[in-house]
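Asker: The following file, data-v4.pdb, comprises PDB, C-alpha atoms:
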ATOM      1  CA  MET A   1     -83.466 -62.881 -18.833
ATOM      2  CA  LYS A   2     -82.251 -59.361 -19.533
ATOM      3  CA  VAL A   3     -79.474 -58.494 -21.978
ATOM      4  CA  SER A   4     -77.423 -57.192 -19.039
ATOM      5  CA  GLU A   5     -77.639 -60.629 -17.436
ATOM      6  CA  ILE A   6     -76.570 -62.648 -20.472
ATOM      7  CA  GLY A   7     -73.798 -60.194 -21.395
ATOM      8  CA  GLU A   8     -72.235 -59.301 -24.730
ATOM      9  CA  PHE A   9     -70.596 -62.667 -25.429
ATOM     10  CA  GLY A  10     -73.587 -64.681 -24.269
ATOM     11  CA  LEU A  11     -75.829 -62.613 -26.530
ATOM     12  CA  ILE A  12     -73.502 -63.194 -29.507
ATOM     13  CA  GLU A  13     -73.623 -66.942 -28.874
ATOM     14  CA  LEU A  14     -77.423 -66.847 -28.701
ATOM     15  CA  LEU A  15     -77.733 -64.924 -31.970
ATOM     16  CA  ALA A  16     -75.169 -67.150 -33.689
ATOM     17  CA  ASP A  17     -77.174 -70.201 -32.644
ATOM     18  CA  ILE A  18     -80.381 -68.713 -34.088
ATOM     19  CA  VAL A  19     -78.630 -67.947 -37.375
ATOM     20  CA  ASP A  20     -77.057 -71.406 -37.534
ATOM     21  CA  LYS A  21     -80.355 -73.197 -36.938
ATOM     22  CA  SER A  22     -82.182 -71.105 -39.534
ATOM     23  CA  LYS A  23     -79.591 -71.316 -42.336
ATOM     24  CA  ASN A  24     -80.328 -73.101 -45.599
ATOM     25  CA  PRO A  25     -77.199 -75.060 -46.585
ATOM     26  CA  GLN A  26     -78.518 -75.290 -50.145
ATOM     27  CA  ASN A  27     -77.947 -71.566 -50.652
ATOM     28  CA  ALA A  28     -74.696 -70.683 -52.409
ATOM     29  CA  SER A  29     -73.936 -67.993 -49.814
ATOM     30  CA  TRP A  30     -73.824 -70.585 -47.034
ATOM     31  CA  GLN A  31     -71.857 -73.034 -49.163
ATOM     32  CA  GLN A  32     -69.199 -70.401 -49.842
ATOM     33  CA  LEU A  33     -68.998 -69.189 -46.221
ATOM     34  CA  LEU A  34     -65.725 -70.108 -44.514
ATOM     35  CA  ILE A  35     -65.922 -68.178 -41.216
ATOM     36  CA  GLY A  36     -69.145 -66.785 -39.788
ATOM     37  CA  ILE A  37     -70.189 -65.197 -36.496
ATOM     38  CA  GLY A  38     -67.636 -65.315 -33.684
ATOM     39  CA  ASP A  39     -64.294 -64.268 -35.166
ATOM     40  CA  ASP A  40     -62.677 -60.910 -35.916
ATOM     41  CA  ALA A  41     -64.129 -60.902 -39.432
ATOM     42  CA  ALA A  42     -66.348 -63.049 -41.609
ATOM     43  CA  ALA A  43     -64.738 -64.877 -44.539
ATOM     44  CA  TRP A  44     -66.156 -66.463 -47.670
ATOM     45  CA  GLN A  45     -64.818 -67.891 -50.889
ATOM     46  CA  GLY A  46     -65.092 -65.341 -53.673
ATOM     47  CA  ASP A  47     -64.699 -66.020 -57.367
ATOM     48  CA  SER A  48     -60.910 -65.840 -57.227
ATOM     49  CA  SER A  49     -59.921 -65.379 -53.554
ATOM     50  CA  ILE A  50     -61.167 -65.370 -49.975
ATOM     51  CA  GLN A  51     -63.113 -62.212 -49.086
ATOM     52  CA  LEU A  52     -63.312 -60.621 -45.618
ATOM     53  CA  ALA A  53     -65.808 -58.309 -43.927
ATOM     54  CA  THR A  54     -65.978 -56.754 -40.477
ATOM     55  CA  THR A  55     -68.131 -54.091 -38.860
ATOM     56  CA  ASP A  56     -68.010 -52.112 -35.646
ATOM     57  CA  SER A  57     -70.012 -49.346 -33.968
ATOM     58  CA  LEU A  58     -68.865 -46.509 -31.735
ATOM     59  CA  VAL A  59     -71.416 -44.788 -29.515
ATOM     60  CA  GLN A  60     -70.933 -41.389 -27.881
ATOM     61  CA  ASP A  61     -70.264 -41.539 -24.114
ATOM     62  CA  ILE A  62     -69.716 -45.316 -24.289
ATOM     63  CA  HIS A  63     -66.832 -45.778 -26.728
ATOM     64  CA  PHE A  64     -65.704 -42.163 -26.930
ATOM     65  CA  HIS A  65     -66.044 -38.887 -25.050
ATOM     66  CA  LEU A  66     -65.924 -35.653 -26.997
ATOM     67  CA  ASN A  67     -64.307 -33.778 -24.116
ATOM     68  CA  ILE A  68     -61.083 -35.828 -24.498
ATOM     69  CA  THR A  69     -60.936 -36.569 -28.228
ATOM     70  CA  SER A  70     -60.985 -34.346 -31.292
ATOM     71  CA  TRP A  71     -63.296 -35.138 -34.203
ATOM     72  CA  GLU A  72     -60.319 -35.873 -36.428
ATOM     73  CA  GLU A  73     -58.874 -38.325 -33.910
ATOM     74  CA  LEU A  74     -62.281 -39.967 -33.572
ATOM     75  CA  GLY A  75     -62.458 -40.488 -37.333
ATOM     76  CA  TRP A  76     -59.023 -42.094 -37.373
ATOM     77  CA  LYS A  77     -59.810 -44.444 -34.480
ATOM     78  CA  ALA A  78     -63.187 -45.511 -35.900
ATOM     79  CA  ILE A  79     -61.496 -46.814 -39.041
ATOM     80  CA  ALA A  80     -58.472 -48.162 -37.147
ATOM     81  CA  ALA A  81     -60.565 -50.514 -34.992
ATOM     82  CA  ASN A  82     -61.979 -52.204 -38.085
ATOM     83  CA  LEU A  83     -58.653 -52.389 -39.880
ATOM     84  CA  SER A  84     -57.291 -54.151 -36.802
ATOM     85  CA  ASP A  85     -59.950 -56.857 -37.198
ATOM     86  CA  ILE A  86     -58.837 -57.432 -40.789
ATOM     87  CA  ALA A  87     -55.221 -57.502 -39.577
ATOM     88  CA  ALA A  88     -56.140 -60.192 -37.033
ATOM     89  CA  MET A  89     -57.217 -62.426 -39.927
ATOM     90  CA  GLY A  90     -54.016 -61.780 -41.907
ATOM     91  CA  GLY A  91     -56.034 -59.889 -44.506
ATOM     92  CA  ILE A  92     -55.640 -56.909 -46.800
ATOM     93  CA  PRO A  93     -58.257 -54.150 -46.218
ATOM     94  CA  LYS A  94     -59.672 -52.575 -49.376
ATOM     95  CA  TYR A  95     -62.976 -50.714 -48.907
ATOM     96  CA  ALA A  96     -64.842 -48.984 -46.085
ATOM     97  CA  LEU A  97     -68.502 -48.041 -45.626
ATOM     98  CA  VAL A  98     -69.334 -45.347 -43.062
ATOM     99  CA  SER A  99     -72.748 -44.899 -41.443
ATOM    100  CA  LEU A 100     -73.329 -41.915 -39.166
ATOM    101  CA  ALA A 101     -76.115 -41.203 -36.685
ATOM    102  CA  LEU A 102     -75.943 -37.501 -35.801
ATOM    103  CA  PRO A 103     -77.882 -34.907 -33.793
ATOM    104  CA  GLY A 104     -79.353 -32.244 -36.071
ATOM    105  CA  GLU A 105     -77.790 -29.419 -34.051
ATOM    106  CA  LEU A 106     -74.261 -30.754 -34.572
ATOM    107  CA  GLU A 107     -71.948 -28.345 -36.388
ATOM    108  CA  VAL A 108     -71.093 -29.381 -39.959
ATOM    109  CA  GLU A 109     -67.427 -28.534 -39.380
ATOM    110  CA  TYR A 110     -67.240 -31.299 -36.766
ATOM    111  CA  VAL A 111     -68.491 -33.886 -39.239
ATOM    112  CA  SER A 112     -65.994 -32.580 -41.808
ATOM    113  CA  SER A 113     -63.165 -33.015 -39.298
ATOM    114  CA  LEU A 114     -64.415 -36.523 -38.495
ATOM    115  CA  TYR A 115     -64.167 -37.447 -42.171
ATOM    116  CA  GLN A 116     -60.751 -35.811 -42.475
ATOM    117  CA  GLY A 117     -59.490 -38.220 -39.823
ATOM    118  CA  MET A 118     -61.073 -41.141 -41.643
ATOM    119  CA  ALA A 119     -59.544 -40.031 -44.946
ATOM    120  CA  GLN A 120     -56.082 -39.785 -43.368
ATOM    121  CA  ILE A 121     -55.987 -43.369 -42.116
ATOM    122  CA  ALA A 122     -57.729 -44.652 -45.259
ATOM    123  CA  ASN A 123     -55.002 -43.097 -47.403
ATOM    124  CA  HIS A 124     -52.302 -44.416 -45.080
ATOM    125  CA  PHE A 125     -53.489 -48.003 -45.566
ATOM    126  CA  GLY A 126     -54.594 -47.654 -49.177
ATOM    127  CA  ILE A 127     -58.307 -48.249 -48.637
ATOM    128  CA  ALA A 128     -61.221 -46.453 -50.294
ATOM    129  CA  ILE A 129     -64.238 -45.040 -48.447
ATOM    130  CA  VAL A 130     -67.034 -45.930 -50.861
ATOM    131  CA  GLY A 131     -70.351 -45.078 -49.188
ATOM    132  CA  GLY A 132     -72.541 -45.516 -46.143
ATOM    133  CA  ASP A 133     -75.556 -43.818 -44.591
ATOM    134  CA  VAL A 134     -76.488 -40.759 -42.523
ATOM    135  CA  VAL A 135     -79.446 -40.639 -40.106
ATOM    136  CA  ALA A 136     -80.670 -38.392 -37.288
ATOM    137  CA  ALA A 137     -80.132 -39.414 -33.665
ATOM    138  CA  SER A 138     -79.885 -37.920 -30.184
ATOM    139  CA  LYS A 139     -76.205 -38.894 -29.858
ATOM    140  CA  VAL A 140     -73.358 -39.506 -32.258
ATOM    141  CA  MET A 141     -72.978 -43.093 -33.416
ATOM    142  CA  ILE A 142     -70.441 -44.240 -36.001
ATOM    143  CA  THR A 143     -70.689 -47.620 -37.721
ATOM    144  CA  ILE A 144     -67.846 -48.737 -39.969
ATOM    145  CA  THR A 145     -67.771 -51.746 -42.278
ATOM    146  CA  VAL A 146     -64.457 -52.731 -43.853
ATOM    147  CA  LEU A 147     -64.151 -55.195 -46.726
ATOM    148  CA  GLY A 148     -60.925 -56.916 -47.648
ATOM    149  CA  GLY A 149     -59.379 -60.116 -48.872
ATOM    150  CA  LEU A 150     -56.644 -62.687 -48.419
ATOM    151  CA  GLU A 151     -53.674 -63.594 -50.582
ATOM    152  CA  ASP A 152     -53.420 -66.972 -48.828
ATOM    153  CA  LYS A 153     -55.856 -69.887 -49.028
ATOM    154  CA  SER A 154     -56.689 -69.644 -45.322
ATOM    155  CA  ALA A 155     -57.076 -67.014 -42.625
ATOM    156  CA  LEU A 156     -55.840 -66.469 -39.115
ATOM    157  CA  THR A 157     -58.675 -67.519 -36.802
ATOM    158  CA  ARG A 158     -59.455 -67.685 -33.106
ATOM    159  CA  SER A 159     -60.194 -71.415 -33.299
ATOM    160  CA  ALA A 160     -56.830 -72.825 -34.460
ATOM    161  CA  ALA A 161     -54.800 -72.800 -31.205
ATOM    162  CA  MET A 162     -53.371 -76.190 -30.212
ATOM    163  CA  PRO A 163     -52.011 -77.547 -26.907
ATOM    164  CA  GLY A 164     -48.254 -77.055 -26.916
ATOM    165  CA  ASP A 165     -48.426 -73.826 -28.900
ATOM    166  CA  GLN A 166     -46.597 -70.857 -27.473
ATOM    167  CA  VAL A 167     -48.590 -67.690 -26.834
ATOM    168  CA  ALA A 168     -46.999 -64.519 -28.193
ATOM    169  CA  VAL A 169     -47.819 -60.860 -28.646
ATOM    170  CA  THR A 170     -46.497 -58.088 -30.861
ATOM    171  CA  GLY A 171     -45.299 -54.770 -29.468
ATOM    172  CA  TYR A 172     -45.991 -53.466 -25.962
ATOM    173  CA  LEU A 173     -49.186 -53.433 -23.909
ATOM    174  CA  GLY A 174     -50.938 -51.020 -21.576
ATOM    175  CA  VAL A 175     -50.175 -47.840 -23.515
ATOM    176  CA  SER A 176     -53.693 -47.129 -24.737
ATOM    177  CA  ALA A 177     -55.285 -47.737 -21.334
ATOM    178  CA  ALA A 178     -52.654 -45.508 -19.750
ATOM    179  CA  GLY A 179     -53.448 -42.842 -22.326
ATOM    180  CA  LEU A 180     -57.144 -43.030 -21.515
ATOM    181  CA  ARG A 181     -56.424 -42.664 -17.814
ATOM    182  CA  MET A 182     -54.169 -39.679 -18.488
ATOM    183  CA  LEU A 183     -56.858 -37.962 -20.551
ATOM    184  CA  LYS A 184     -59.715 -38.704 -18.144
ATOM    185  CA  GLN A 185     -57.817 -37.747 -14.987
ATOM    186  CA  LYS A 186     -55.971 -34.841 -16.650
ATOM    187  CA  LEU A 187     -52.598 -36.194 -15.529
ATOM    188  CA  ASP A 188     -49.568 -34.042 -16.243
ATOM    189  CA  PHE A 189     -46.512 -35.637 -17.893
ATOM    190  CA  ASP A 190     -43.623 -34.386 -20.019
ATOM    191  CA  VAL A 191     -44.326 -33.497 -23.649
ATOM    192  CA  GLU A 192     -43.051 -36.739 -25.188
ATOM    193  CA  THR A 193     -44.852 -38.999 -22.695
ATOM    194  CA  THR A 194     -48.083 -37.064 -23.212
ATOM    195  CA  ARG A 195     -47.757 -37.340 -27.000
ATOM    196  CA  LEU A 196     -47.050 -41.087 -26.895
ATOM    197  CA  LEU A 197     -49.911 -41.933 -24.526
ATOM    198  CA  LYS A 198     -52.416 -39.706 -26.322
ATOM    199  CA  GLN A 199     -51.541 -41.075 -29.740
ATOM    200  CA  ALA A 200     -51.691 -44.681 -28.509
ATOM    201  CA  HIS A 201     -55.258 -44.205 -27.303
ATOM    202  CA  LEU A 202     -56.717 -41.807 -29.856
ATOM    203  CA  GLN A 203     -54.789 -42.639 -33.040
ATOM    204  CA  PRO A 204     -53.709 -46.284 -32.797
ATOM    205  CA  VAL A 205     -51.994 -47.890 -35.781
ATOM    206  CA  PRO A 206     -53.527 -51.278 -36.687
ATOM    207  CA  LYS A 207     -50.976 -54.021 -37.389
ATOM    208  CA  VAL A 208     -52.101 -54.854 -40.925
ATOM    209  CA  LYS A 209     -48.684 -55.702 -42.378
ATOM    210  CA  GLU A 210     -47.783 -57.698 -39.270
ATOM    211  CA  GLY A 211     -50.945 -59.805 -39.590
ATOM    212  CA  GLN A 212     -50.025 -60.729 -43.151
ATOM    213  CA  ILE A 213     -46.521 -61.694 -42.017
ATOM    214  CA  LEU A 214     -47.927 -63.942 -39.288
ATOM    215  CA  LEU A 215     -50.090 -65.746 -41.822
ATOM    216  CA  HIS A 216     -47.273 -66.124 -44.355
ATOM    217  CA  GLN A 217     -44.931 -67.518 -41.692
ATOM    218  CA  GLY A 218     -47.349 -70.273 -40.682
ATOM    219  CA  VAL A 219     -49.296 -68.822 -37.740
ATOM    220  CA  ARG A 220     -52.909 -70.050 -37.706
ATOM    221  CA  ALA A 221     -54.489 -68.642 -34.518
ATOM    222  CA  ALA A 222     -54.668 -64.927 -33.746
ATOM    223  CA  ILE A 223     -56.799 -62.078 -32.432
ATOM    224  CA  ASP A 224     -56.240 -58.348 -32.066
ATOM    225  CA  ILE A 225     -56.029 -56.943 -28.549
ATOM    226  CA  SER A 226     -59.071 -54.705 -28.311
ATOM    227  CA  ASP A 227     -60.902 -55.871 -25.180
ATOM    228  CA  GLY A 228     -57.750 -56.603 -23.135
ATOM    229  CA  LEU A 229     -55.010 -59.255 -23.210
ATOM    230  CA  ILE A 230     -56.650 -61.738 -20.844
ATOM    231  CA  ALA A 231     -60.158 -61.235 -22.248
ATOM    232  CA  ASP A 232     -58.985 -61.651 -25.843
ATOM    233  CA  LEU A 233     -56.775 -64.633 -25.013
ATOM    234  CA  ALA A 234     -59.801 -66.239 -23.338
ATOM    235  CA  GLN A 235     -61.688 -65.777 -26.634
ATOM    236  CA  ILE A 236     -58.972 -67.713 -28.504
ATOM    237  CA  CYS A 237     -59.012 -70.461 -25.869
ATOM    238  CA  LYS A 238     -62.793 -70.742 -25.891
ATOM    239  CA  ALA A 239     -62.991 -70.894 -29.688
ATOM    240  CA  SER A 240     -60.143 -73.437 -29.818
ATOM    241  CA  GLN A 241     -61.446 -75.497 -26.878
ATOM    242  CA  VAL A 242     -58.161 -75.145 -24.990
ATOM    243  CA  SER A 243     -56.770 -73.289 -21.969
ATOM    244  CA  THR A 244     -53.567 -71.365 -21.386
ATOM    245  CA  ILE A 245     -50.978 -70.436 -18.804
ATOM    246  CA  ILE A 246     -49.223 -67.081 -19.134
ATOM    247  CA  LYS A 247     -46.351 -65.634 -17.110
ATOM    248  CA  GLU A 248     -47.159 -62.246 -15.644
ATOM    249  CA  ASN A 249     -43.549 -61.052 -15.723
ATOM    250  CA  SER A 250     -43.223 -61.986 -19.423
ATOM    251  CA  VAL A 251     -45.976 -59.629 -20.565
ATOM    252  CA  PRO A 252     -44.282 -56.750 -22.453
ATOM    253  CA  ILE A 253     -45.321 -53.534 -20.700
ATOM    254  CA  HIS A 254     -44.229 -50.324 -22.346
ATOM    255  CA  PRO A 255     -41.419 -48.594 -20.371
ATOM    256  CA  VAL A 256     -43.406 -45.338 -20.286
ATOM    257  CA  VAL A 257     -46.305 -47.161 -18.622
ATOM    258  CA  GLN A 258     -43.963 -48.842 -16.136
ATOM    259  CA  ALA A 259     -42.347 -45.532 -15.258
ATOM    260  CA  ASN A 260     -45.507 -43.444 -14.856
ATOM    261  CA  PHE A 261     -48.097 -45.987 -13.635
ATOM    262  CA  LYS A 262     -45.963 -48.172 -11.352
ATOM    263  CA  ALA A 263     -48.788 -49.448  -9.147
ATOM    264  CA  ASP A 264     -51.195 -50.233 -11.972
ATOM    265  CA  CYS A 265     -48.976 -51.027 -14.953
ATOM    266  CA  ARG A 266     -49.730 -54.774 -14.896
ATOM    267  CA  GLN A 267     -53.473 -54.165 -14.648
ATOM    268  CA  LEU A 268     -53.283 -51.754 -17.592
ATOM    269  CA  ALA A 269     -51.304 -54.272 -19.678
ATOM    270  CA  LEU A 270     -53.346 -57.367 -18.832
ATOM    271  CA  ALA A 271     -56.849 -55.891 -18.907
ATOM    272  CA  GLY A 272     -56.626 -52.373 -20.321
ATOM    273  CA  GLY A 273     -57.523 -53.068 -23.939
ATOM    274  CA  GLU A 274     -57.395 -51.085 -27.195
ATOM    275  CA  ASP A 275     -53.680 -51.680 -27.760
ATOM    276  CA  TYR A 276     -54.539 -53.175 -31.175
ATOM    277  CA  GLU A 277     -51.458 -55.376 -31.053
ATOM    278  CA  LEU A 278     -51.721 -58.954 -32.342
ATOM    279  CA  LEU A 279     -52.015 -61.860 -29.917
ATOM    280  CA  PHE A 280     -51.260 -65.225 -31.500
ATOM    281  CA  THR A 281     -50.298 -68.840 -30.856
ATOM    282  CA  ALA A 282     -47.940 -71.071 -32.822
ATOM    283  CA  THR A 283     -45.149 -73.611 -32.437
ATOM    284  CA  SER A 284     -41.781 -72.370 -31.232
ATOM    285  CA  GLN A 285     -40.356 -72.925 -34.738
ATOM    286  CA  VAL A 286     -43.018 -70.728 -36.351
ATOM    287  CA  ILE A 287     -42.570 -67.996 -33.758
ATOM    288  CA  ALA A 288     -38.816 -68.030 -34.374
ATOM    289  CA  ARG A 289     -39.522 -67.390 -38.073
ATOM    290  CA  VAL A 290     -41.968 -64.608 -37.198
ATOM    291  CA  LYS A 291     -39.335 -62.874 -35.050
ATOM    292  CA  GLN A 292     -36.941 -62.850 -38.001
ATOM    293  CA  ALA A 293     -39.547 -61.626 -40.495
ATOM    294  CA  ILE A 294     -41.209 -58.886 -38.447
ATOM    295  CA  SER A 295     -39.724 -55.542 -37.433
ATOM    296  CA  ARG A 296     -41.967 -55.159 -34.387
ATOM    297  CA  PRO A 297     -40.973 -56.824 -31.077
ATOM    298  CA  VAL A 298     -42.516 -60.277 -30.553
ATOM    299  CA  THR A 299     -42.687 -61.640 -27.004
ATOM    300  CA  VAL A 300     -43.622 -65.158 -25.883
ATOM    301  CA  ILE A 301     -45.783 -64.863 -22.765
ATOM    302  CA  GLY A 302     -47.097 -68.377 -22.194
ATOM    303  CA  GLU A 303     -48.305 -71.694 -23.563
ATOM    304  CA  ILE A 304     -51.556 -73.272 -24.712
ATOM    305  CA  THR A 305     -52.667 -76.250 -22.615
ATOM    306  CA  ALA A 306     -55.350 -78.928 -22.823
ATOM    307  CA  GLY A 307     -57.526 -77.761 -19.954
ATOM    308  CA  MET A 308     -60.896 -76.137 -19.387
ATOM    309  CA  PRO A 309     -61.886 -74.330 -22.617
ATOM    310  CA  GLY A 310     -61.468 -70.587 -22.273
ATOM    311  CA  GLN A 311     -59.501 -70.669 -19.013
ATOM    312  CA  VAL A 312     -56.555 -68.279 -18.682
ATOM    313  CA  THR A 313     -54.193 -68.837 -15.736
ATOM    314  CA  VAL A 314     -51.715 -66.100 -14.804
ATOM    315  CA  MET A 315     -48.520 -67.247 -13.044
ATOM    316  CA  ASP A 316     -46.104 -65.133 -11.004
ATOM    317  CA  ALA A 317     -42.290 -65.265 -11.140
ATOM    318  CA  VAL A 318     -42.079 -68.339  -8.874
ATOM    319  CA  GLY A 319     -44.769 -70.307 -10.675
ATOM    320  CA  GLU A 320     -47.667 -69.575  -8.334
ATOM    321  CA  SER A 321     -51.112 -68.891  -9.772
ATOM    322  CA  ILE A 322     -52.238 -65.303  -9.304
ATOM    323  CA  PRO A 323     -55.916 -64.670  -8.488
ATOM    324  CA  TRP A 324     -57.037 -62.587 -11.430
ATOM    325  CA  GLN A 325     -60.389 -61.429 -12.620
ATOM    326  CA  GLN A 326     -60.580 -61.671 -16.385
ATOM    327  CA  GLY A 327     -61.375 -57.990 -16.773
ATOM    328  CA  GLY A 328     -61.299 -56.380 -20.179
ATOM    329  CA  TRP A 329     -64.226 -54.769 -21.946
ATOM    330  CA  GLU A 330     -67.599 -56.459 -22.306
ATOM    331  CA  HIS A 331     -70.809 -54.611 -23.128
ATOM    332  CA  PHE A 332     -73.791 -54.822 -20.755
ATOM    333  CA  LYS A 333     -71.645 -55.944 -17.796
ATOM    334  CA  SER A 334     -69.771 -53.886 -15.205
ATOM    335  CA  GLN A 335     -66.245 -53.138 -16.384
ATOM    336  CA  ALA A 336     -62.855 -53.852 -14.807
TER     337      ALA A 336
END
Please render this file's structure as structure tokens.
Answerer:
Amino acid sequence: MKVSEIGEFGLIELLADIVDKSKNPQNASWQQLLIGIGDDAAAWQGDSSIQLATTDSLVQDIHFHLNITSWEELGWKAIAANLSDIAAMGGIPKYALVSLALPGELEVEYVSSLYQGMAQIANHFGIAIVGGDVVAASKVMITITVLGGLEDKSALTRSAAMPGDQVAVTGYLGVSAAGLRMLKQKLDFDVETTRLLKQAHLQPVPKVKEGQILLHQGVRAAIDISDGLIADLAQICKASQVSTIIKENSVPIHPVVQANFKADCRQLALAGGEDYELLFTATSQVIARVKQAISRPVTVIGEITAGMPGQVTVMDAVGESIPWQQGGWEHFKSQA
């Protein structure tokens, strides 16, 4: 079987199984591990608190295109994606390691601008860039590792959703995907719309504070929306061995997306990805507390059910199931 046939998530499951079967439970590292492969970040019990770690790679012409993004914006987004993973666990990011694979003919000023973007978002969230690696390659590849911790005794995880939980999301969806379409197709909008869509895609703001609020208010299951609402919700359902029903007309689509992408706004919101909002499940009482504690809009879009693990059903306004391909981003497979 080829990697393209098993797909990104199938490959992760295979590798996780190999690691699990080869582990030595007598080792202190395994004894202290709380969350391993399969969530937004790994977690283990440190000497005084729970520690978190996440890593992500960006590859030229797959994750980013240099004809539509500046080097500074690329630096910001590379760090932002990892901070969002820490946010999805309810954690506090602290340190970042940056590894770069670069063509030798690349101008030094571009790399300087890349790091300027990284330094900007690092300063904004109070994290320190403390090292990494630089190697030669035919294309640009950026690998970020972010380390952090938790103030609480537990983390937000993908595996804690329960039947009866409501499904909720912070903020608005579809803005980043709309921004990407605008940049790729060179669409012409007014100045403010262009600024909003471009910033949403190229300089997203991870919801670090919001993730900590969710955890403090009693939420236990969460994920950040990076691959797309339906794809990421399916990951929660699969990890939690549950299913879900969401209402299409409850999904919060940004007004700018509704106004400028009328025909495709629901597709952009449900499967577009890279909004870096937080998708979570909790009881109605917990969500009511979250709404009071958080400044960002929180919208209930559905409910967790005891059905086929990983299944996401989308319902229309009259309660009819809508045929919907899961979509979202998955490496090695054709994209939505």
Asker: Taking all atoms listed in the file into account, produce a table as CSV in which each residue of range 40-133 of chain A with an atom at most 6 Å from an atom of range 204-212 of chain A appears once, together with its shortest atom pair and the distance in Å to one decimal, ordered by chain and rising number.
Answerer:
residue,atom,partner,partner_atom,distance
A:Ala80,CA,A:Pro206,CA,5.9
A:Ser84,CA,A:Pro206,CA,4.7
A:Ala87,CA,A:Val208,CA,4.3
A:Ala88,CA,A:Gly211,CA,5.8
A:Gly90,CA,A:Gln212,CA,4.3
Asker: At a cut-off of 12 Å, can you tabulate as CSV every residue of range 122-193 of chain A near range 298-322 of chain A together with its closest atom pair and the distance in Å to one decimal, using all atoms listed in the file and ordering rows by chain then number?
Answerer:
residue,atom,partner,partner_atom,distance
A:Arg158,CA,A:Gly310,CA,11.4
A:Ser159,CA,A:Gly310,CA,11.1
A:Ala160,CA,A:Ile304,CA,11.1
A:Ala161,CA,A:Ile304,CA,7.3
A:Met162,CA,A:Ile304,CA,6.5
A:Pro163,CA,A:Thr305,CA,4.5
A:Gly164,CA,A:Ile304,CA,5.5
A:Asp165,CA,A:Ile304,CA,5.3
A:Gln166,CA,A:Glu303,CA,4.3
A:Val167,CA,A:Gly302,CA,4.9
A:Ala168,CA,A:Val300,CA,4.1
A:Val169,CA,A:Thr299,CA,5.4
A:Thr170,CA,A:Val298,CA,4.6
A:Gly171,CA,A:Val298,CA,6.3
A:Tyr172,CA,A:Thr299,CA,8.9
A:Leu173,CA,A:Thr299,CA,10.9
Asker: Measuring between only C-alpha atoms, which one of A:Ser176, A:Thr194, A:Gln241, A:Gln203 shows the shortest distance to Gly228 in chain A?
Answerer: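 For Gly228 in chain A, the nearest of the given residues is A:Ser176.
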Asker: Write out as CSV the residues of range 188-256 of chain A that have any atom within 8 Å of an atom of range 151-155 of chain A, one row each with the nearest atom pair and its distance in Å to one decimal, counting all atoms listed in the file, sorted by chain and then rising number.
Answerer:
residue,atom,partner,partner_atom,distance
A:Leu215,CA,A:Ala155,CA,7.1
A:His216,CA,A:Asp152,CA,7.6
A:Arg220,CA,A:Ala155,CA,7.1
Asker: Kindly indicate which residue among A:Val19, A:Met89, A:Lys139, A:Leu268 lies nearest to Leu156 in chain A, using all atoms listed in the file for the distances.
Answerer: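 Under the stated criterion, the closest residue is A:Met89.
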Asker: Using all atoms listed in the file, which residues sit within 8 Å of Leu233 in chain A once same-chain residues fewer than 4 positions away are excluded, as an MDAnalysis selection string?
Answerer: chainID A and resid 223 229 237 279 312
Asker: Would you mind exporting the chosen residues as a short mmCIF file (atom, residue, chain, number, x, y, z; two decimals), keeping the file's coordinate frame, restricted to C-alpha atoms?
Answerer:
data_model
loop_
_atom_site.label_atom_id
_atom_site.label_comp_id
_atom_site.auth_asym_id
_atom_site.auth_seq_id
_atom_site.Cartn_x
_atom_site.Cartn_y
_atom_site.Cartn_z
CA ILE A 223 -56.80 -62.08 -32.43
CA LEU A 229 -55.01 -59.26 -23.21
CA CYS A 237 -59.01 -70.46 -25.87
CA LEU A 279 -52.02 -61.86 -29.92
CA VAL A 312 -56.56 -68.28 -18.68
#
Asker: For Gly149 in chain A, which residue out of A:Val219, A:Leu83, A:Ile18, A:Leu58 is the nearest one, using all atoms listed in the file?
Answerer: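 Selected residue with least distance to Gly149 in chain A: A:Leu83.
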Asker: Show which residues sit within 12 Å of Thr193 in chain A, as JSON, numbers by chain. Count all atoms listed in the file, and ignore same-chain residues fewer than 2 positions away.
Answerer: {"A": [175, 178, 179, 182, 187, 188, 189, 190, 191, 195, 196, 197, 198, 199, 200, 254, 255, 256, 257, 258, 259, 260, 261]}
Asker: I'd like the residues picked by the PyMOL selection byres ((chain A and resi 145) around 9) written out as a list in words, using the chain letters and numbers from the file.
Answerer: Ala53, Thr54, Thr55, Asp56, Ser57, Ile79, Asn82, Tyr95, Ala96, Leu97, Val98, Ser99, Gly132, Thr143, Ile144, Val146 and Leu147 of chain A
Asker: So, counting only C-alpha atoms, which residue among A:Asp133, A:Asp224, A:Asp232, A:Asp85 is closest to Ala42 in chain A?
Answerer: A:Asp85
Asker: Pick out the closest residue to Gln51 in chain A from this set: A:Gly148, A:His63, A:Leu102, A:Val140. Count only C-alpha atoms.
Answerer: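 Counting only C-alpha atoms, the residue closest to Gln51 in chain A is A:Gly148.
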